[in-house]
Each structure stands twice: as structure tokens, then as C-alpha cells.
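The block underneath contains the structure these notes are about, expressed in C-alpha cells.
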Amino acid sequence: MTTTRQLDFDACYLAVSARDSRFDGRFYTAVTTTGIYCRPICPARTPGRANVRFYRHAAAAEAAGFRPCRRCRPELSPGDPGWDVRADLVGRALRLIDDGVADDSGVAGLARRLHVTERHLHRLFAAELGAGPLAVARTRRLLLAKQLLTETTLPITDVAFAAGFGSVRQFNAAMKESYGFAPGELRKGNGPVGGGGHGGGQGGGHCSPASGLTLRLGHRRPYDAQSVLRFLAARVIPGVEAVRWAGADVAAYTRAVPGGSITLRPAADHVRLTVRTTEAHRLSPLVARCRRLLDLDADPGAVREILGRTSLAPLVEARPGLRVPGAYDGFEAAVRAVVGQQISVAGARTLLGRIAARAGVPAVTDPNPSSEAANETALLFPTADRLAGADLHGLGLTTRRTATIRALAEEVASGEIDLDGAGDPADTTARLLAIPGIGPWTASYIALRALRDPDAWPEGDLVLRRTMDRLGIMAGESEEWRPWRAYAAVHLWSHTAQRTPASALTPDTHPGTGQPEPGTPTKAQLQPKDTTWT
């Protein structure tokens, strides 16, 4: 079954004819005369209407027997943001597939995480995408392998395991079956390059013990990389994260991951991801988590279309590339939200660093141990299992805050709360609110960053309320911003940050990051159980 019935043929063909970048990642064009499927922005000559088919997902095109184009490179497409808006079961399943759940546990494990049967999950995938969960996971592995073969000099054996294949033999068979050629033939024909046709640019990806493995992460334009990176830079956890500045801009963001570290650097039309890790088989989840952290799959055009018709229009026009900073790890983001209640950014950063030092574990030896970043990112933030049993006394946390963190860790460790994409956002938020010490603001902030809910709105947020009052925006107008209220919140927070005078910056903050923690609730706004004031 294909999904052409769900796509408007005329609209898709018009987008392909115009090479409209707004539709990149939303569907794929398959050409029956060549057996190739392409991105809507492919620079190749537009095929005749009678010779094209449209598919919602690359897996559906490959299941129908089409191979990915070598010019436009479908593996570089940004993801479809529509799944985050819908947040339905298929969307959550796709996020878990990106995290490698299907590779590690099969479709049975994927269905268990989602609390549905395999049959029901397969039926939904077939109806929505035209391909089952296994086919989607297989296509994801193949496209990542194709990118590695094209952009790096990584040995083919390493490419197979890095992409998630269980063996080189399985990898070779999958490539020949789906693409009609062996991995070596693709590299021999292209050579390791960083480009990729229209919108591809030059990347210069490579792999060596000194520099690690570098890949391109694409995004839709406009993209304000510095706004996201500065947000992350102001909140780096000592020992877990580090940033490097180039004047007033963030040149690189580095964080510890199992087996080493990852570094993100902004480029002209993409973000460069450098991975230095001994656990190469975890590459695909690393890529997916980095994309969520930087909100690379967002569609600024769709956000602008809604918010641009409201009282936020001047803010959106001024900064159309703003994104919602995400989270590399959902549980870590939730702990950040709890620790950050009613204290400054610098104070929260200090406490989180103490928590990491007390309960975190070494990230293992970095392949480039002489680098400064390796020394600054030696710790992994503690998992829910470790934090649930950790001794947090003497770190500067109140007794009630410690109890909240422990209760949150126990709920996540037991599987009652899933902050990595499997749970329904509304249900997960309700479960968070049941934890003593977590009120509406904290739950909304977690939904905004960890659950990737584009409509999350920190109701009653002090900074948002003051900014809206200053701009003459009534509280009820936030309903007009659906389903992009999270982006509305970022625009309002950013507007406040831009107005912060230089004298308000503390010595340990960088220009542009001296604002109070976005979303800090007022004392009156918190329920009695949310915090204890001493």
C-alpha cells in the first residue's frame, strides 16, 4: 500500500516543478522511467506528470522498488515536522525508530514501548506511510550508510555497524537488494565528498583518530543557529558540556556521550556533527538526538504562516529563523527544569554540575584525549536509575527539591513516565503533574523541550507575562498561536533577552545570555507542593 491517496498530486507536482524547499522532507518524488526517488528540491529536470509517483516517506518509495537519487541525496532531507505537531502513535514510533529501538528490540519491543500490538502498529504504518516499521528502520539504516559512504572515508565494515546493521554480510545484501549495487561501488563511483546536489554544499566529512567522524545535518532555512547555541551555552553543565566562542558567537558546542563526545558547529547551510566515540553502533541515535536538540526538523514557514497573522508578527518578521531549543536526553531536561525552579541560570548550572559530579559516570576515553573539549566533557549526566538511588545531600538542594528529583527519577526508571518520545504528551504531562514538586510551569517546560510538543505553553510564566504586557498582548491571544505556542514562547523570551541591558549581565555570563531562566515561575504561581521556600 502506498500513501499517494494522502498526498495532493497537483500540489506535490507544483512543488517539485518549483523546487520549493518548504516541502523538502515532507514527501519524495519517484520517477518510474528511471527507478529513482528524489527530494522535491532535486536539480534534475522535472519529470513528466505521467512518470511520477509521490510518497510520504522514503521507506515507502524504497518498498516500491525505487532507489535514492545520488544528486539530491534524500539522506540529507530534514525530517517531517508534521509528526511532532500530531504527536500521534505513528509520530512517536518514528521517534523511537530514530533512537534505535527497532534495531535493538525489534518491532515487538517497539510495540511494547508504545503499549500497542505489533499488528496494530503495522496497520497504522501501512496506512500512514505505505511501509511497515521494519521497512522504515531498514531505510533509515541504509540512508545513514549511504551518507557515511559518501561523506567519509570510514571503512565499509565500520560503516555497516555505525549504520546499525548486525553484520557486513547483512549490510551488503541490503544495499544490493534495495539500491542495486554494493557499498564499495557507491564509494568508488562518488568518492568521499561533502556535497549533495542542490542545497548540498560542501562538507568535507572525514574520519580519523584525531578529528573523529564528521557528518552534515541539514535543516530548513532560515535557521538561527546562534540563538539555539547561545541558549545551550548559558546552561552548560560543568563536566558534561562545553562551548567554544568566536567573538560573540558560539563556534562549537560539545557534550559527553557514551564512549566519548559529540561536537556541533554551525555552518552556512547545515550543522556539522563531529562524533568521537568508541561506540560507533550508536551513531544513528546520536544523529537523531542532535537533530532534536537543535530543532533541525522544524518548518519555519509553517510557524510564520500562523504566528505572522497575529500580534507576534513583528517579532516573527524580525527573527524568522528562531527555533525551540530541544533536549539531548529527556530525563536530563526534566531534572534541569526541576533544579531551575526559582533560581538563576548560573545557580542552576552550578547545582547540575554538582549532581553530575556526584552521580554521573565517566564517558569513557575520548579517541582524542589531548583535546581541551575531552577534558571538559568527561562525565555522562546520571541516568534515572542512578539518580534514583544517589545521595544528593550536601549539594545545595533543598530537602523538597531533592525529594522531587528522586520521585521523578523513580518514575522514569520504572517506566511509568517515558520522556524519550514513547508517551503521549498530554498523558506524560499529567503523570508529571502527579509528582510532588512539579507544577504546571515545570511540566509545560519539560513538554516544550523534552517531549518536543510544538504547542507547549508555560502558562503563567513570569517573563512571558511581562513581555506580553509590555507589547500590549492580551493573555487570551495565546490561543491564536496554536499549534505553535512553543515557538511563540521562544519569540517572546528572545525579545526579552534582546532588551536586557549590558549592566544586567553577571560576570559569569556571555553577552546575550544574561536573562533570567526562561519560564521562571513566580512564587505565587507555584502550588504549595511545588517548592519549599526557606
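Chains: A, B, ... in order of the C-alpha cells. Residues: from 1 per chain. Ligands: from 1, in order shown.
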- [ ] Using only C-alpha atoms, determine which residues lie at most 10 Å from Asp418 in chain A, disregarding the query and same-chain residues fewer than 6 positions distant; provide the list as a VMD selection string.
- [x] chain A and resid 113 to 114 330 to 331 411 to 412 424 to 425 428 431 451
With C-alpha atoms retained, export the selected residues as a JSON list (two decimals), in the first residue's frame.
[["chain", "number", "residue", "atom", "x", "y", "z"],
["A", 113, "ARG", "CA", 7.21, 0.76, 24.38],
["A", 114, "LEU", "CA", 4.10, 2.21, 22.75],
["A", 330, "GLY", "CA", 14.55, 13.81, 28.09],
["A", 331, "PHE", "CA", 15.28, 12.87, 31.68],
["A", 411, "GLU", "CA", 9.00, 7.19, 37.87],
["A", 412, "VAL", "CA", 11.22, 7.35, 34.80],
["A", 424, "ASP", "CA", 1.52, 10.72, 24.61],
["A", 425, "PRO", "CA", 2.47, 14.33, 25.54],
["A", 428, "THR", "CA", 3.03, 12.32, 30.15],
["A", 431, "ARG", "CA", 1.88, 12.00, 35.10],
["A", 451, "LEU", "CA", 8.68, 15.96, 24.62]]
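All residues of protein, DNA or RNA that reach within 8 Å of Ala447 in chain A, judged by only C-alpha atoms and not counting those fewer than 3 positions away in the chain, are A:Pro425, A:Thr429, A:Ala443, A:Ser444, A:Ala450, A:Leu451, A:Arg452, A:Asp453, A:Ala456.
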- [ ] Could you pull out the residues in range 323-527 of chain A that DSSP calls alpha helix (DSSP H) from the backbone, as a VMD selection string?
- [x] chain A and resid 330 to 339 345 to 359 372 to 376 384 to 388 399 to 414 425 to 433 440 to 449 462 to 471 485 to 499
Convert the current residue selection to file output with C-alpha atoms, as an mmCIF file, in the first residue's frame.
data_model
loop_
_atom_site.group_PDB
_atom_site.id
_atom_site.type_symbol
_atom_site.label_atom_id
_atom_site.label_comp_id
_atom_site.auth_asym_id
_atom_site.auth_seq_id
_atom_site.Cartn_x
_atom_site.Cartn_y
_atom_site.Cartn_z
ATOM 1 C CA GLY A 330 14.549 13.812 28.087
ATOM 2 C CA PHE A 331 15.285 12.874 31.677
ATOM 3 C CA GLU A 332 18.183 15.312 31.860
ATOM 4 C CA ALA A 333 15.887 18.092 30.592
ATOM 5 C CA ALA A 334 13.311 17.245 33.253
ATOM 6 C CA VAL A 335 15.929 17.407 36.025
ATOM 7 C CA ARG A 336 17.101 20.747 34.627
ATOM 8 C CA ALA A 337 13.540 22.077 34.841
ATOM 9 C CA VAL A 338 13.133 20.953 38.455
ATOM 10 C CA VAL A 339 16.525 22.260 39.570
ATOM 11 C CA VAL A 345 20.726 30.205 35.204
ATOM 12 C CA ALA A 346 24.149 30.319 36.852
ATOM 13 C CA GLY A 347 22.769 28.847 40.080
ATOM 14 C CA ALA A 348 21.059 26.002 38.251
ATOM 15 C CA ARG A 349 24.207 25.309 36.263
ATOM 16 C CA THR A 350 26.240 25.006 39.460
ATOM 17 C CA LEU A 351 23.772 22.615 41.093
ATOM 18 C CA LEU A 352 23.507 20.452 37.978
ATOM 19 C CA GLY A 353 27.295 20.249 37.798
ATOM 20 C CA ARG A 354 27.360 19.010 41.390
ATOM 21 C CA ILE A 355 24.706 16.403 40.607
ATOM 22 C CA ALA A 356 26.707 15.188 37.599
ATOM 23 C CA ALA A 357 29.907 15.011 39.635
ATOM 24 C CA ARG A 358 28.172 13.067 42.409
ATOM 25 C CA ALA A 359 26.099 10.593 40.371
ATOM 26 C CA GLU A 372 40.547 20.533 25.618
ATOM 27 C CA ALA A 373 36.917 19.583 24.979
ATOM 28 C CA ALA A 374 37.619 15.977 26.010
ATOM 29 C CA ASN A 375 38.830 17.147 29.399
ATOM 30 C CA GLU A 376 35.810 19.433 29.838
ATOM 31 C CA ALA A 384 17.210 7.873 36.071
ATOM 32 C CA ASP A 385 18.344 4.546 37.573
ATOM 33 C CA ARG A 386 21.486 6.067 39.062
ATOM 34 C CA LEU A 387 19.858 9.269 40.248
ATOM 35 C CA ALA A 388 17.005 7.411 41.956
ATOM 36 C CA THR A 399 15.029 18.744 51.020
ATOM 37 C CA ARG A 400 11.839 19.132 48.978
ATOM 38 C CA ARG A 401 13.740 19.657 45.733
ATOM 39 C CA THR A 402 15.797 16.537 46.422
ATOM 40 C CA ALA A 403 12.610 14.564 47.043
ATOM 41 C CA THR A 404 11.120 15.813 43.761
ATOM 42 C CA ILE A 405 14.199 14.799 41.773
ATOM 43 C CA ARG A 406 14.222 11.357 43.398
ATOM 44 C CA ALA A 407 10.498 10.828 42.757
ATOM 45 C CA LEU A 408 10.933 11.886 39.129
ATOM 46 C CA ALA A 409 13.899 9.537 38.711
ATOM 47 C CA GLU A 410 11.961 6.619 40.189
ATOM 48 C CA GLU A 411 9.002 7.190 37.869
ATOM 49 C CA VAL A 412 11.225 7.350 34.799
ATOM 50 C CA ALA A 413 13.378 4.397 35.872
ATOM 51 C CA SER A 414 10.283 2.236 36.427
ATOM 52 C CA PRO A 425 2.465 14.331 25.539
ATOM 53 C CA ALA A 426 -0.831 15.034 27.340
ATOM 54 C CA ASP A 427 -0.650 11.791 29.313
ATOM 55 C CA THR A 428 3.026 12.321 30.152
ATOM 56 C CA THR A 429 2.318 15.860 31.339
ATOM 57 C CA ALA A 430 -0.474 14.582 33.577
ATOM 58 C CA ARG A 431 1.879 11.999 35.096
ATOM 59 C CA LEU A 432 4.496 14.676 35.713
ATOM 60 C CA LEU A 433 1.944 16.850 37.496
ATOM 61 C CA PRO A 440 2.050 23.369 35.623
ATOM 62 C CA TRP A 441 5.009 25.551 34.643
ATOM 63 C CA THR A 442 7.613 22.833 35.177
ATOM 64 C CA ALA A 443 5.519 20.227 33.348
ATOM 65 C CA SER A 444 4.953 22.584 30.411
ATOM 66 C CA TYR A 445 8.642 23.434 30.208
ATOM 67 C CA ILE A 446 9.509 19.720 30.109
ATOM 68 C CA ALA A 447 6.913 19.194 27.376
ATOM 69 C CA LEU A 448 8.384 22.081 25.401
ATOM 70 C CA ARG A 449 11.991 20.866 25.498
ATOM 71 C CA LEU A 462 6.621 35.494 34.628
ATOM 72 C CA VAL A 463 8.872 36.522 31.720
ATOM 73 C CA LEU A 464 6.194 35.760 29.139
ATOM 74 C CA ARG A 465 3.559 37.670 31.076
ATOM 75 C CA ARG A 466 5.735 40.753 31.467
ATOM 76 C CA THR A 467 6.784 40.722 27.823
ATOM 77 C CA MET A 468 3.193 40.357 26.647
ATOM 78 C CA ASP A 469 2.110 43.232 28.901
ATOM 79 C CA ARG A 470 4.885 45.426 27.516
ATOM 80 C CA LEU A 471 3.835 44.600 23.944
ATOM 81 C CA ARG A 485 2.739 28.213 21.037
ATOM 82 C CA ALA A 486 6.176 26.833 21.964
ATOM 83 C CA TYR A 487 7.665 28.928 19.150
ATOM 84 C CA ALA A 488 5.618 31.907 20.311
ATOM 85 C CA ALA A 489 7.153 31.481 23.767
ATOM 86 C CA VAL A 490 10.664 31.440 22.283
ATOM 87 C CA HIS A 491 9.964 34.635 20.338
ATOM 88 C CA LEU A 492 8.738 36.374 23.487
ATOM 89 C CA TRP A 493 11.643 35.109 25.609
ATOM 90 C CA SER A 494 14.107 36.181 22.913
ATOM 91 C CA HIS A 495 12.523 39.623 22.722
ATOM 92 C CA THR A 496 13.111 40.000 26.457
ATOM 93 C CA ALA A 497 16.711 38.822 26.128
ATOM 94 C CA GLN A 498 17.394 41.380 23.402
ATOM 95 C CA ARG A 499 16.165 44.161 25.715
#
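When CA of Gly82 in chain A is paired with CA of Gly301 in chain A, their separation reads 12.5 Å.
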If we count only C-alpha atoms and set the cut-off at 10 Å, which residues sit around range 128-135 of chain A, ignoring sequence neighbours fewer than 3 positions away in its own chain? Please answer as a JSON list (two decimals) with N, CA and C atoms, in the first residue's frame.
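Done, and the output landed in out-v1.json:
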[["chain", "number", "residue", "atom", "x", "y", "z"],
["A", 1, "MET", "N", 0.84, -1.20, 0.00],
["A", 1, "MET", "CA", 0.00, 0.00, 0.00],
["A", 1, "MET", "C", 0.88, 1.24, 0.00],
["A", 2, "THR", "N", 0.52, 2.22, -0.82],
["A", 2, "THR", "CA", 1.24, 3.49, -0.83],
["A", 2, "THR", "C", 0.38, 4.56, -0.18],
["A", 3, "THR", "N", 0.94, 5.71, -0.04],
["A", 3, "THR", "CA", 0.21, 6.80, 0.61],
["A", 3, "THR", "C", -0.13, 7.92, -0.35],
["A", 4, "THR", "N", -0.11, 7.62, -1.66],
["A", 4, "THR", "CA", -0.40, 8.67, -2.63],
["A", 4, "THR", "C", -1.81, 9.24, -2.43],
["A", 5, "ARG", "N", -2.73, 8.44, -1.86],
["A", 5, "ARG", "CA", -4.09, 8.94, -1.62],
["A", 5, "ARG", "C", -4.09, 10.05, -0.58],
["A", 6, "GLN", "N", -3.04, 10.12, 0.26],
["A", 6, "GLN", "CA", -2.98, 11.13, 1.30],
["A", 6, "GLN", "C", -2.27, 12.40, 0.82],
["A", 55, "TYR", "N", 5.50, 9.82, -2.56],
["A", 55, "TYR", "CA", 5.48, 9.01, -1.34],
["A", 55, "TYR", "C", 5.76, 9.89, -0.13],
["A", 56, "ARG", "N", 5.09, 9.59, 0.94],
["A", 56, "ARG", "CA", 5.24, 10.40, 2.14],
["A", 56, "ARG", "C", 6.55, 10.11, 2.87],
["A", 57, "HIS", "N", 7.05, 8.89, 2.75],
["A", 57, "HIS", "CA", 8.27, 8.50, 3.46],
["A", 57, "HIS", "C", 9.20, 7.79, 2.50],
["A", 58, "ALA", "N", 10.51, 7.96, 2.71],
["A", 58, "ALA", "CA", 11.49, 7.32, 1.85],
["A", 58, "ALA", "C", 11.33, 5.82, 1.86],
["A", 59, "ALA", "N", 10.92, 5.25, 3.00],
["A", 59, "ALA", "CA", 10.75, 3.80, 3.10],
["A", 59, "ALA", "C", 9.68, 3.30, 2.15],
["A", 60, "ALA", "N", 8.62, 4.09, 1.96],
["A", 60, "ALA", "CA", 7.56, 3.69, 1.04],
["A", 60, "ALA", "C", 8.08, 3.67, -0.39],
["A", 61, "ALA", "N", 8.90, 4.65, -0.75],
["A", 61, "ALA", "CA", 9.48, 4.68, -2.10],
["A", 61, "ALA", "C", 10.40, 3.49, -2.32],
["A", 62, "GLU", "N", 11.20, 3.16, -1.31],
["A", 62, "GLU", "CA", 12.11, 2.02, -1.45],
["A", 62, "GLU", "C", 11.34, 0.71, -1.46],
["A", 63, "ALA", "N", 10.26, 0.62, -0.69],
["A", 63, "ALA", "CA", 9.45, -0.59, -0.69],
["A", 63, "ALA", "C", 8.80, -0.82, -2.05],
["A", 64, "ALA", "N", 8.59, 0.28, -2.79],
["A", 64, "ALA", "CA", 8.01, 0.18, -4.13],
["A", 64, "ALA", "C", 9.07, -0.09, -5.19],
["A", 90, "VAL", "N", 2.01, 6.99, 15.46],
["A", 90, "VAL", "CA", 2.99, 6.82, 14.39],
["A", 90, "VAL", "C", 4.15, 7.80, 14.56],
["A", 93, "ALA", "N", 6.31, 6.56, 17.29],
["A", 93, "ALA", "CA", 7.04, 5.37, 16.84],
["A", 93, "ALA", "C", 8.23, 5.75, 15.96],
["A", 94, "LEU", "N", 8.04, 6.73, 15.10],
["A", 94, "LEU", "CA", 9.14, 7.19, 14.24],
["A", 94, "LEU", "C", 10.29, 7.75, 15.07],
["A", 97, "ILE", "N", 12.11, 4.81, 16.51],
["A", 97, "ILE", "CA", 12.91, 4.15, 15.47],
["A", 97, "ILE", "C", 14.19, 4.93, 15.24],
["A", 102, "ALA", "N", 13.87, -0.05, 17.34],
["A", 102, "ALA", "CA", 13.56, -1.17, 16.46],
["A", 102, "ALA", "C", 14.82, -2.00, 16.16],
["A", 103, "ASP", "N", 15.96, -1.35, 16.06],
["A", 103, "ASP", "CA", 17.22, -2.07, 15.82],
["A", 103, "ASP", "C", 17.59, -2.93, 17.03],
["A", 106, "GLY", "N", 13.61, -4.88, 18.02],
["A", 106, "GLY", "CA", 12.68, -5.35, 17.02],
["A", 106, "GLY", "C", 11.34, -4.64, 17.10],
["A", 107, "VAL", "N", 10.42, -5.02, 16.21],
["A", 107, "VAL", "CA", 9.10, -4.40, 16.20],
["A", 107, "VAL", "C", 8.33, -4.76, 17.47],
["A", 110, "LEU", "N", 9.40, -2.35, 20.04],
["A", 110, "LEU", "CA", 8.85, -1.04, 19.70],
["A", 110, "LEU", "C", 7.39, -0.95, 20.10],
["A", 111, "ALA", "N", 6.63, -1.99, 19.79],
["A", 111, "ALA", "CA", 5.21, -2.01, 20.13],
["A", 111, "ALA", "C", 5.01, -1.99, 21.64],
["A", 118, "GLU", "N", 1.81, -5.49, 17.85],
["A", 118, "GLU", "CA", 2.58, -5.38, 16.61],
["A", 118, "GLU", "C", 1.65, -5.22, 15.41],
["A", 121, "LEU", "N", 0.31, -1.69, 15.19],
["A", 121, "LEU", "CA", 1.36, -0.76, 14.79],
["A", 121, "LEU", "C", 1.64, -0.87, 13.30],
["A", 122, "HIS", "N", 1.71, -2.11, 12.81],
["A", 122, "HIS", "CA", 1.98, -2.31, 11.38],
["A", 122, "HIS", "C", 0.83, -1.74, 10.54],
["A", 123, "ARG", "N", -0.41, -1.93, 11.00],
["A", 123, "ARG", "CA", -1.56, -1.42, 10.25],
["A", 123, "ARG", "C", -1.51, 0.11, 10.16],
["A", 124, "LEU", "N", -1.16, 0.77, 11.25],
["A", 124, "LEU", "CA", -1.07, 2.23, 11.24],
["A", 124, "LEU", "C", 0.04, 2.71, 10.31],
["A", 125, "PHE", "N", 1.19, 2.04, 10.35],
["A", 125, "PHE", "CA", 2.31, 2.43, 9.48],
["A", 125, "PHE", "C", 1.94, 2.27, 8.02],
["A", 138, "ARG", "N", 14.84, -0.07, 8.33],
["A", 138, "ARG", "CA", 15.83, -0.51, 7.34],
["A", 138, "ARG", "C", 16.24, 0.64, 6.44],
["A", 139, "THR", "N", 15.26, 1.43, 5.98],
["A", 139, "THR", "CA", 15.57, 2.58, 5.13],
["A", 139, "THR", "C", 16.42, 3.60, 5.87],
["A", 140, "ARG", "N", 16.11, 3.82, 7.15],
["A", 140, "ARG", "CA", 16.90, 4.74, 7.95],
["A", 140, "ARG", "C", 18.36, 4.27, 8.02],
["A", 141, "ARG", "N", 18.57, 2.99, 8.22],
["A", 141, "ARG", "CA", 19.93, 2.45, 8.27],
["A", 141, "ARG", "C", 20.63, 2.61, 6.93]]
Open item on the list: Can you tell me which residues surround Leu143 in chain A at a distance of at most 10 Å, considering only C-alpha atoms, apart from same-chain residues fewer than 4 positions away, and format the answer as a PyMOL selection string?
Closed with: chain A and resi 58-59+68+73-76+138-139+147-149+163+175
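Note that the spacing between CA of Leu142 in chain A and CA of Ala108 in chain A amounts to 21.3 Å.
Distances from A:Glu416, A:Asp99, A:Glu477, A:Asp80 to Leu283 in chain A were compared using only C-alpha atoms, and the smallest one belongs to A:Asp99.
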Task: Interatomic distance (Å, one decimal) between CA of Ile262 in chain A and CA of Leu286 in chain A - done: 8.3 Å
Open item on the list: Could you list, as a ChimeraX atom specification, every residue within 8 Å of range 216-219 of chain A, counting only C-alpha atoms and ignoring same-chain residues fewer than 4 positions away?
Closed with: /A:76-78,194,203,205,223,269-273,291,296-298
Open item on the list: Using DSSP assignments from the backbone, pull out every residue in range 208-457 of chain A that falls under strand (DSSP E or B) and give it to me as a ChimeraX atom specification.
Closed with: /A:208,212-218,241-246,249-257,260-266,270-277,361-362,379-380
